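S.K.: Input: one structure, supplied below.
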Amino acid sequence: MDALTRAEAARKLLDAYESGKPIAPLTTTYDDLSLEDAYAIQLLQIHELTAAGRVVKGHKVGLTSAAMQRLLGVDEPDYGHLLDDFFHLEHTPIPLNRFVQPSIEPEVAFVLKRPLRGPGVTVHEAIAAVDFVLPALEIVDSRIEDWRIGLFDTIADNASSGAVVLGSSPTPLDAVDLRLAGAVMTRNGAVVGTGAGGAVLGSPITSLVWLANTVGARGVTLEAGHVILPGSVCAMVPVAAGDTFAATFAGLGTVTARFARP
């Protein structure tokens with residue numbers, strides 16, 4: 001794709017944010033869309049949004065489960081940016097009109113105390129860079145019609161990012177084994193998902209290392225104070241107005257997200 005075509009695709013996705021109307025998959029619109037094109041389209045949107053005053057506050061990793069990788073025919077994750085207005089407080093009703101077709105996932109969020117810059121970041125360096133972890137709920141969203149996404153679609157669409165709710169119980173990394181930390185997610189009191197940290201590339205730490213090295217190769221540093229979402233521990237669940245979701249992680253506590261009624 002040339003620069004004008006990349007800009008056209010980025011504009012379509014930005015317009016979908018504004019209108020709330022999803023677009024056809026980019027992979028069916030642009031036959032020559034590549035991995036590099038998809039990340040360039042993502043970055044064009046981030047540059048426009050930050051130029052308008054929004055601030056990058058972290059990153060997310062997607063496609064970390066074996067099931068999702070098989071579904072899209074890939075063998076590695078993808079990543080997106082978390083902007084300042086993605087973050088919502090617990091128990092404060094979240095309006096659904098800012099999303100197109102939202103679902104929700106439970107995750108363990110890393111908060112960094114020092115920068116991580118790849119390539120070459122090791123497991124011990126990643127661990128040393130973490131200040132604490134928090135229970136989190138990620139609202140994933142797609143600007144692609146009916147979630148008919150391929151790998152390049154979701155990358156271009158900022159890894160299907162939507163919003164984040166962080167819990168308020170920080171836990172030191174050495175106080176919990178994230179691989180074994182089980183989680184239960186409920187919707188309006190009924191269990192809708194279970195999983196454990198090991199579902200995320202074997203360990204959420206592996207996801208953090210992958211992210212640091214992947215974005216580092218593109219000249220990006222994971223900054224101190226940034227939030228990193230390493231991937232979901234179970235399948236996403238659709239969100240409806242009036243829903244209340246809670247995710248309880250063994251050793252980490254509970255995080256709750258409420259969605260406004262119509």
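Residues are named by chain letter and number: chains run A, B, ... in the order of the structure tokens, numbers start at 1 in each chain, and ligands are numbered from 1 in the order shown.
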Per residue of segment 66-168 of chain A within 6 Å of segment 203-216 of chain A, record the nearest atom pair and its distance in Å to one decimal, counting only C-alpha atoms, with rows in chain order and ascending residue number, as CSV.

M.R.:
residue,atom,partner,partner_atom,distance
A:Arg117,CA,A:Gly216,CA,5.4
A:Gly118,CA,A:Asn213,CA,4.1
A:Pro119,CA,A:Asn213,CA,4.1

S.K.: Could you give me, as number ranges by chain, each residue of segment 97-241 of chain A that DSSP assigns to alpha helix (DSSP H) when run on this structure's backbone?

M.R.: A: 123-129, 151-156, 204-216

S.K.: List the neighbours of Lys113 of chain A out to 8 Å using only C-alpha atoms; skip same-chain residues closer than 5 positions along the sequence, and give me the result as a ChimeraX atom specification.

M.R.: /A:129-131,224-225

S.K.: What's around Gln45 of chain A at 10 Å? Count only C-alpha atoms, leave out sequence neighbours fewer than 5 positions away in its own chain, and write the answer as JSON, numbers by chain.

M.R.: {"A": [7, 9, 10, 11, 13, 14, 40, 50, 51, 156, 157, 158]}

S.K.: As a PDB file with N, CA, C and O atoms, in the first residue's frame, please: the residues near segment 78-83 of chain A (cut-off 9 Å, only C-alpha atoms, same-chain neighbours under 3 positions excluded).

M.R.:
ATOM      1  N   TYR A  39       0.173  -2.102  10.884  1.00  0.00           N
ATOM      2  CA  TYR A  39       0.735  -1.337  12.005  1.00  0.00           C
ATOM      3  C   TYR A  39       0.890   0.140  11.640  1.00  0.00           C
ATOM      4  O   TYR A  39       0.717   1.025  12.490  1.00  0.00           O
ATOM      5  N   GLN A  42      -2.506   1.684  12.087  1.00  0.00           N
ATOM      6  CA  GLN A  42      -2.746   1.903  13.522  1.00  0.00           C
ATOM      7  C   GLN A  42      -2.035   3.161  14.002  1.00  0.00           C
ATOM      8  O   GLN A  42      -2.616   4.007  14.691  1.00  0.00           O
ATOM      9  N   LEU A  43      -0.765   3.295  13.628  1.00  0.00           N
ATOM     10  CA  LEU A  43       0.028   4.417  14.119  1.00  0.00           C
ATOM     11  C   LEU A  43      -0.455   5.750  13.555  1.00  0.00           C
ATOM     12  O   LEU A  43      -0.395   6.782  14.247  1.00  0.00           O
ATOM     13  N   ILE A  46      -3.131   6.810  15.873  1.00  0.00           N
ATOM     14  CA  ILE A  46      -2.604   7.244  17.170  1.00  0.00           C
ATOM     15  C   ILE A  46      -1.967   8.618  17.045  1.00  0.00           C
ATOM     16  O   ILE A  46      -2.139   9.489  17.920  1.00  0.00           O
ATOM     17  N   LEU A  49      -4.772  11.195  16.948  1.00  0.00           N
ATOM     18  CA  LEU A  49      -5.442  11.342  18.233  1.00  0.00           C
ATOM     19  C   LEU A  49      -4.559  12.056  19.252  1.00  0.00           C
ATOM     20  O   LEU A  49      -5.036  12.902  20.019  1.00  0.00           O
ATOM     21  N   THR A  50      -3.261  11.734  19.279  1.00  0.00           N
ATOM     22  CA  THR A  50      -2.375  12.420  20.221  1.00  0.00           C
ATOM     23  C   THR A  50      -2.131  13.868  19.805  1.00  0.00           C
ATOM     24  O   THR A  50      -1.965  14.742  20.656  1.00  0.00           O
ATOM     25  N   ARG A  54      -4.878  13.808  23.065  1.00  0.00           N
ATOM     26  CA  ARG A  54      -4.938  12.577  23.845  1.00  0.00           C
ATOM     27  C   ARG A  54      -3.529  12.050  24.107  1.00  0.00           C
ATOM     28  O   ARG A  54      -2.588  12.395  23.388  1.00  0.00           O
ATOM     29  N   VAL A  55      -3.381  11.234  25.150  1.00  0.00           N
ATOM     30  CA  VAL A  55      -2.061  10.820  25.627  1.00  0.00           C
ATOM     31  C   VAL A  55      -1.999   9.298  25.703  1.00  0.00           C
ATOM     32  O   VAL A  55      -2.932   8.660  26.201  1.00  0.00           O
ATOM     33  N   VAL A  56      -0.896   8.732  25.212  1.00  0.00           N
ATOM     34  CA  VAL A  56      -0.688   7.293  25.341  1.00  0.00           C
ATOM     35  C   VAL A  56      -0.326   6.974  26.788  1.00  0.00           C
ATOM     36  O   VAL A  56       0.599   7.537  27.350  1.00  0.00           O
ATOM     37  N   LYS A  57      -1.079   6.047  27.396  1.00  0.00           N
ATOM     38  CA  LYS A  57      -0.872   5.674  28.793  1.00  0.00           C
ATOM     39  C   LYS A  57      -0.454   4.213  28.952  1.00  0.00           C
ATOM     40  O   LYS A  57      -0.337   3.727  30.075  1.00  0.00           O
ATOM     41  N   GLY A  58      -0.244   3.535  27.841  1.00  0.00           N
ATOM     42  CA  GLY A  58       0.182   2.151  27.926  1.00  0.00           C
ATOM     43  C   GLY A  58      -0.072   1.415  26.630  1.00  0.00           C
ATOM     44  O   GLY A  58      -0.368   2.017  25.593  1.00  0.00           O
ATOM     45  N   HIS A  59       0.048   0.095  26.709  1.00  0.00           N
ATOM     46  CA  HIS A  59      -0.163  -0.769  25.559  1.00  0.00           C
ATOM     47  C   HIS A  59      -0.933  -2.015  25.972  1.00  0.00           C
ATOM     48  O   HIS A  59      -0.983  -2.365  27.150  1.00  0.00           O
ATOM     49  N   LYS A  60      -1.528  -2.664  24.989  1.00  0.00           N
ATOM     50  CA  LYS A  60      -2.197  -3.936  25.213  1.00  0.00           C
ATOM     51  C   LYS A  60      -1.664  -4.970  24.244  1.00  0.00           C
ATOM     52  O   LYS A  60      -1.214  -4.628  23.141  1.00  0.00           O
ATOM     53  N   VAL A  61      -1.713  -6.217  24.674  1.00  0.00           N
ATOM     54  CA  VAL A  61      -1.342  -7.335  23.819  1.00  0.00           C
ATOM     55  C   VAL A  61      -2.602  -8.149  23.554  1.00  0.00           C
ATOM     56  O   VAL A  61      -3.388  -8.419  24.461  1.00  0.00           O
ATOM     57  N   GLY A  62      -2.807  -8.507  22.300  1.00  0.00           N
ATOM     58  CA  GLY A  62      -3.944  -9.324  21.925  1.00  0.00           C
ATOM     59  C   GLY A  62      -3.507 -10.617  21.276  1.00  0.00           C
ATOM     60  O   GLY A  62      -2.314 -10.834  21.009  1.00  0.00           O
ATOM     61  N   LEU A  63      -4.457 -11.499  21.025  1.00  0.00           N
ATOM     62  CA  LEU A  63      -4.203 -12.786  20.374  1.00  0.00           C
ATOM     63  C   LEU A  63      -3.171 -13.594  21.142  1.00  0.00           C
ATOM     64  O   LEU A  63      -2.256 -14.189  20.580  1.00  0.00           O
ATOM     65  N   THR A  64      -3.333 -13.647  22.466  1.00  0.00           N
ATOM     66  CA  THR A  64      -2.371 -14.374  23.295  1.00  0.00           C
ATOM     67  C   THR A  64      -2.801 -15.797  23.590  1.00  0.00           C
ATOM     68  O   THR A  64      -1.999 -16.578  24.123  1.00  0.00           O
ATOM     69  N   PHE A  86      -9.287   5.999  27.604  1.00  0.00           N
ATOM     70  CA  PHE A  86      -9.735   4.610  27.644  1.00  0.00           C
ATOM     71  C   PHE A  86     -10.017   4.157  29.083  1.00  0.00           C
ATOM     72  O   PHE A  86     -10.690   3.151  29.285  1.00  0.00           O
ATOM     73  N   PHE A  87      -9.477   4.859  30.069  1.00  0.00           N
ATOM     74  CA  PHE A  87      -9.501   4.385  31.449  1.00  0.00           C
ATOM     75  C   PHE A  87     -10.741   4.880  32.180  1.00  0.00           C
ATOM     76  O   PHE A  87     -11.013   6.081  32.225  1.00  0.00           O
ATOM     77  N   LEU A 151      -6.097 -11.015  11.004  1.00  0.00           N
ATOM     78  CA  LEU A 151      -4.983 -10.456  11.766  1.00  0.00           C
ATOM     79  C   LEU A 151      -4.734  -9.003  11.400  1.00  0.00           C
ATOM     80  O   LEU A 151      -4.599  -8.134  12.275  1.00  0.00           O
ATOM     81  N   THR A 154      -7.470  -6.490  12.770  1.00  0.00           N
ATOM     82  CA  THR A 154      -7.421  -6.133  14.186  1.00  0.00           C
ATOM     83  C   THR A 154      -6.195  -5.286  14.509  1.00  0.00           C
ATOM     84  O   THR A 154      -6.265  -4.368  15.325  1.00  0.00           O
ATOM     85  N   ILE A 155      -5.060  -5.558  13.854  1.00  0.00           N
ATOM     86  CA  ILE A 155      -3.879  -4.710  14.086  1.00  0.00           C
ATOM     87  C   ILE A 155      -4.163  -3.280  13.654  1.00  0.00           C
ATOM     88  O   ILE A 155      -3.905  -2.327  14.408  1.00  0.00           O
ATOM     89  N   ALA A 156      -4.694  -3.102  12.464  1.00  0.00           N
ATOM     90  CA  ALA A 156      -4.988  -1.752  11.970  1.00  0.00           C
ATOM     91  C   ALA A 156      -5.983  -1.042  12.878  1.00  0.00           C
ATOM     92  O   ALA A 156      -5.916   0.181  13.061  1.00  0.00           O
ATOM     93  N   ASP A 157      -6.891  -1.810  13.481  1.00  0.00           N
ATOM     94  CA  ASP A 157      -7.918  -1.265  14.358  1.00  0.00           C
ATOM     95  C   ASP A 157      -7.437  -1.191  15.808  1.00  0.00           C
ATOM     96  O   ASP A 157      -8.206  -1.408  16.752  1.00  0.00           O
ATOM     97  N   ASN A 158      -6.158  -0.886  15.992  1.00  0.00           N
ATOM     98  CA  ASN A 158      -5.555  -0.705  17.320  1.00  0.00           C
ATOM     99  C   ASN A 158      -5.773  -1.928  18.202  1.00  0.00           C
ATOM    100  O   ASN A 158      -6.085  -1.818  19.399  1.00  0.00           O
ATOM    101  N   ALA A 159      -5.616  -3.109  17.596  1.00  0.00           N
ATOM    102  CA  ALA A 159      -5.764  -4.374  18.313  1.00  0.00           C
ATOM    103  C   ALA A 159      -7.126  -4.494  18.984  1.00  0.00           C
ATOM    104  O   ALA A 159      -7.255  -5.055  20.068  1.00  0.00           O
ATOM    105  N   SER A 160      -8.149  -3.938  18.316  1.00  0.00           N
ATOM    106  CA  SER A 160      -9.532  -4.016  18.818  1.00  0.00           C
ATOM    107  C   SER A 160      -9.662  -3.454  20.235  1.00  0.00           C
ATOM    108  O   SER A 160     -10.391  -3.976  21.081  1.00  0.00           O
ATOM    109  N   SER A 161      -8.962  -2.349  20.484  1.00  0.00           N
ATOM    110  CA  SER A 161      -9.008  -1.719  21.808  1.00  0.00           C
ATOM    111  C   SER A 161     -10.294  -0.939  21.997  1.00  0.00           C
ATOM    112  O   SER A 161     -10.874  -0.422  21.037  1.00  0.00           O
ATOM    113  N   GLY A 162     -10.730  -0.843  23.253  1.00  0.00           N
ATOM    114  CA  GLY A 162     -11.917  -0.062  23.565  1.00  0.00           C
ATOM    115  C   GLY A 162     -11.771   0.759  24.824  1.00  0.00           C
ATOM    116  O   GLY A 162     -11.814   1.983  24.798  1.00  0.00           O
ATOM    117  N   ALA A 163     -11.579   0.090  25.960  1.00  0.00           N
ATOM    118  CA  ALA A 163     -11.473   0.792  27.234  1.00  0.00           C
ATOM    119  C   ALA A 163     -10.898  -0.159  28.275  1.00  0.00           C
ATOM    120  O   ALA A 163     -10.731  -1.361  28.031  1.00  0.00           O
ATOM    121  N   VAL A 164     -10.609   0.388  29.465  1.00  0.00           N
ATOM    122  CA  VAL A 164      -9.993  -0.374  30.549  1.00  0.00           C
ATOM    123  C   VAL A 164     -10.603   0.070  31.876  1.00  0.00           C
ATOM    124  O   VAL A 164     -10.804   1.261  32.106  1.00  0.00           O
ATOM    125  N   LEU A 211       6.043  -7.995  24.178  1.00  0.00           N
ATOM    126  CA  LEU A 211       5.651  -6.630  23.829  1.00  0.00           C
ATOM    127  C   LEU A 211       6.846  -5.686  23.839  1.00  0.00           C
ATOM    128  O   LEU A 211       7.048  -4.915  22.886  1.00  0.00           O
ATOM    129  N   THR A 214       8.987  -6.386  20.830  1.00  0.00           N
ATOM    130  CA  THR A 214       8.344  -6.119  19.550  1.00  0.00           C
ATOM    131  C   THR A 214       8.213  -4.631  19.283  1.00  0.00           C
ATOM    132  O   THR A 214       8.534  -4.151  18.191  1.00  0.00           O
ATOM    133  N   VAL A 215       7.738  -3.875  20.278  1.00  0.00           N
ATOM    134  CA  VAL A 215       7.625  -2.423  20.051  1.00  0.00           C
ATOM    135  C   VAL A 215       8.997  -1.768  20.060  1.00  0.00           C
ATOM    136  O   VAL A 215       9.224  -0.768  19.373  1.00  0.00           O
ATOM    137  N   VAL A 227       0.550   1.436  31.827  1.00  0.00           N
ATOM    138  CA  VAL A 227      -0.203   0.211  32.093  1.00  0.00           C
ATOM    139  C   VAL A 227      -0.037  -0.724  30.895  1.00  0.00           C
ATOM    140  O   VAL A 227      -0.166  -0.291  29.744  1.00  0.00           O
ATOM    141  N   ILE A 228       0.227  -1.980  31.183  1.00  0.00           N
ATOM    142  CA  ILE A 228       0.350  -2.992  30.133  1.00  0.00           C
ATOM    143  C   ILE A 228      -0.690  -4.072  30.385  1.00  0.00           C
ATOM    144  O   ILE A 228      -0.719  -4.681  31.468  1.00  0.00           O
TER     145      ILE A 228
END

S.K.: Do you have the atom CA of Val192 of chain A-atom CA of Pro135 of chain A distance handy?

M.R.: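 Taking atom CA of Val192 of chain A and atom CA of Pro135 of chain A, their separation equals 16.8 Å.
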
S.K.: Which residues, written as a PDB file with C-alpha atoms, in the first residue's frame, have at least one atom at most 12 Å from Thr28 of chain A, with only C-alpha atoms counted and residues fewer than 4 positions away on the same chain left out?

M.R.:
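selection12.pdb, freshly written:
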ATOM      1  CA  ALA A   9      -7.795   3.215   5.642  1.00  0.00           C
ATOM      2  CA  ILE A  23     -16.806  -0.707   8.285  1.00  0.00           C
ATOM      3  CA  ALA A  24     -16.146  -3.669   6.022  1.00  0.00           C
ATOM      4  CA  ASP A  32      -2.424  -5.839  -0.787  1.00  0.00           C
ATOM      5  CA  LEU A  33      -2.733  -5.090   2.948  1.00  0.00           C
ATOM      6  CA  ILE A 144     -14.976  -3.948  11.694  1.00  0.00           C
ATOM      7  CA  GLU A 145     -18.465  -5.236  10.846  1.00  0.00           C
ATOM      8  CA  ARG A 148     -15.192 -10.305  10.900  1.00  0.00           C
ATOM      9  CA  ILE A 149     -11.538  -9.684  11.583  1.00  0.00           C
ATOM     10  CA  GLY A 150      -8.366 -11.121  10.201  1.00  0.00           C
ATOM     11  CA  PHE A 152      -4.343  -7.335   9.689  1.00  0.00           C
ATOM     12  CA  ASP A 153      -7.835  -5.969  10.426  1.00  0.00           C
TER      13      ASP A 153
END

S.K.: Which is closer to Asp31 of chain A than all the others in A:Leu180, A:Phe245, A:Ala16, A:Thr5, using only C-alpha atoms?

M.R.: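 Smallest separation from Asp31 of chain A among the options: A:Thr5.
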
S.K.: Any idea what the distance is between atom CA of Ala257 of chain A and atom CA of Glu90 of chain A?

M.R.: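 The value is 5.6 Å.
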
S.K.: Any idea what the distance is between atom CA of His91 of chain A and atom CA of Arg187 of chain A?

M.R.: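 Between atom CA of His91 of chain A and atom CA of Arg187 of chain A the gap is 13.6 Å.
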
S.K.: Which neighbours of Ala181 of chain A fall inside 6 Å, counting only C-alpha atoms, when residues of the same chain fewer than 2 positions from it are skipped, and could you give them as a VMD selection string?

M.R.: chain A and resid 178 to 179 196 to 197 250

S.K.: Enumerate the residues of segment 9-198 of chain A with a DSSP assignment of strand (DSSP E or B), computed from the backbone, and present them as an MDAnalysis selection string.

M.R.: chainID A and resid 23 56:62 78:83 87:88 94 103:112 116 130:140 144 161:166 171 182:187 190:196
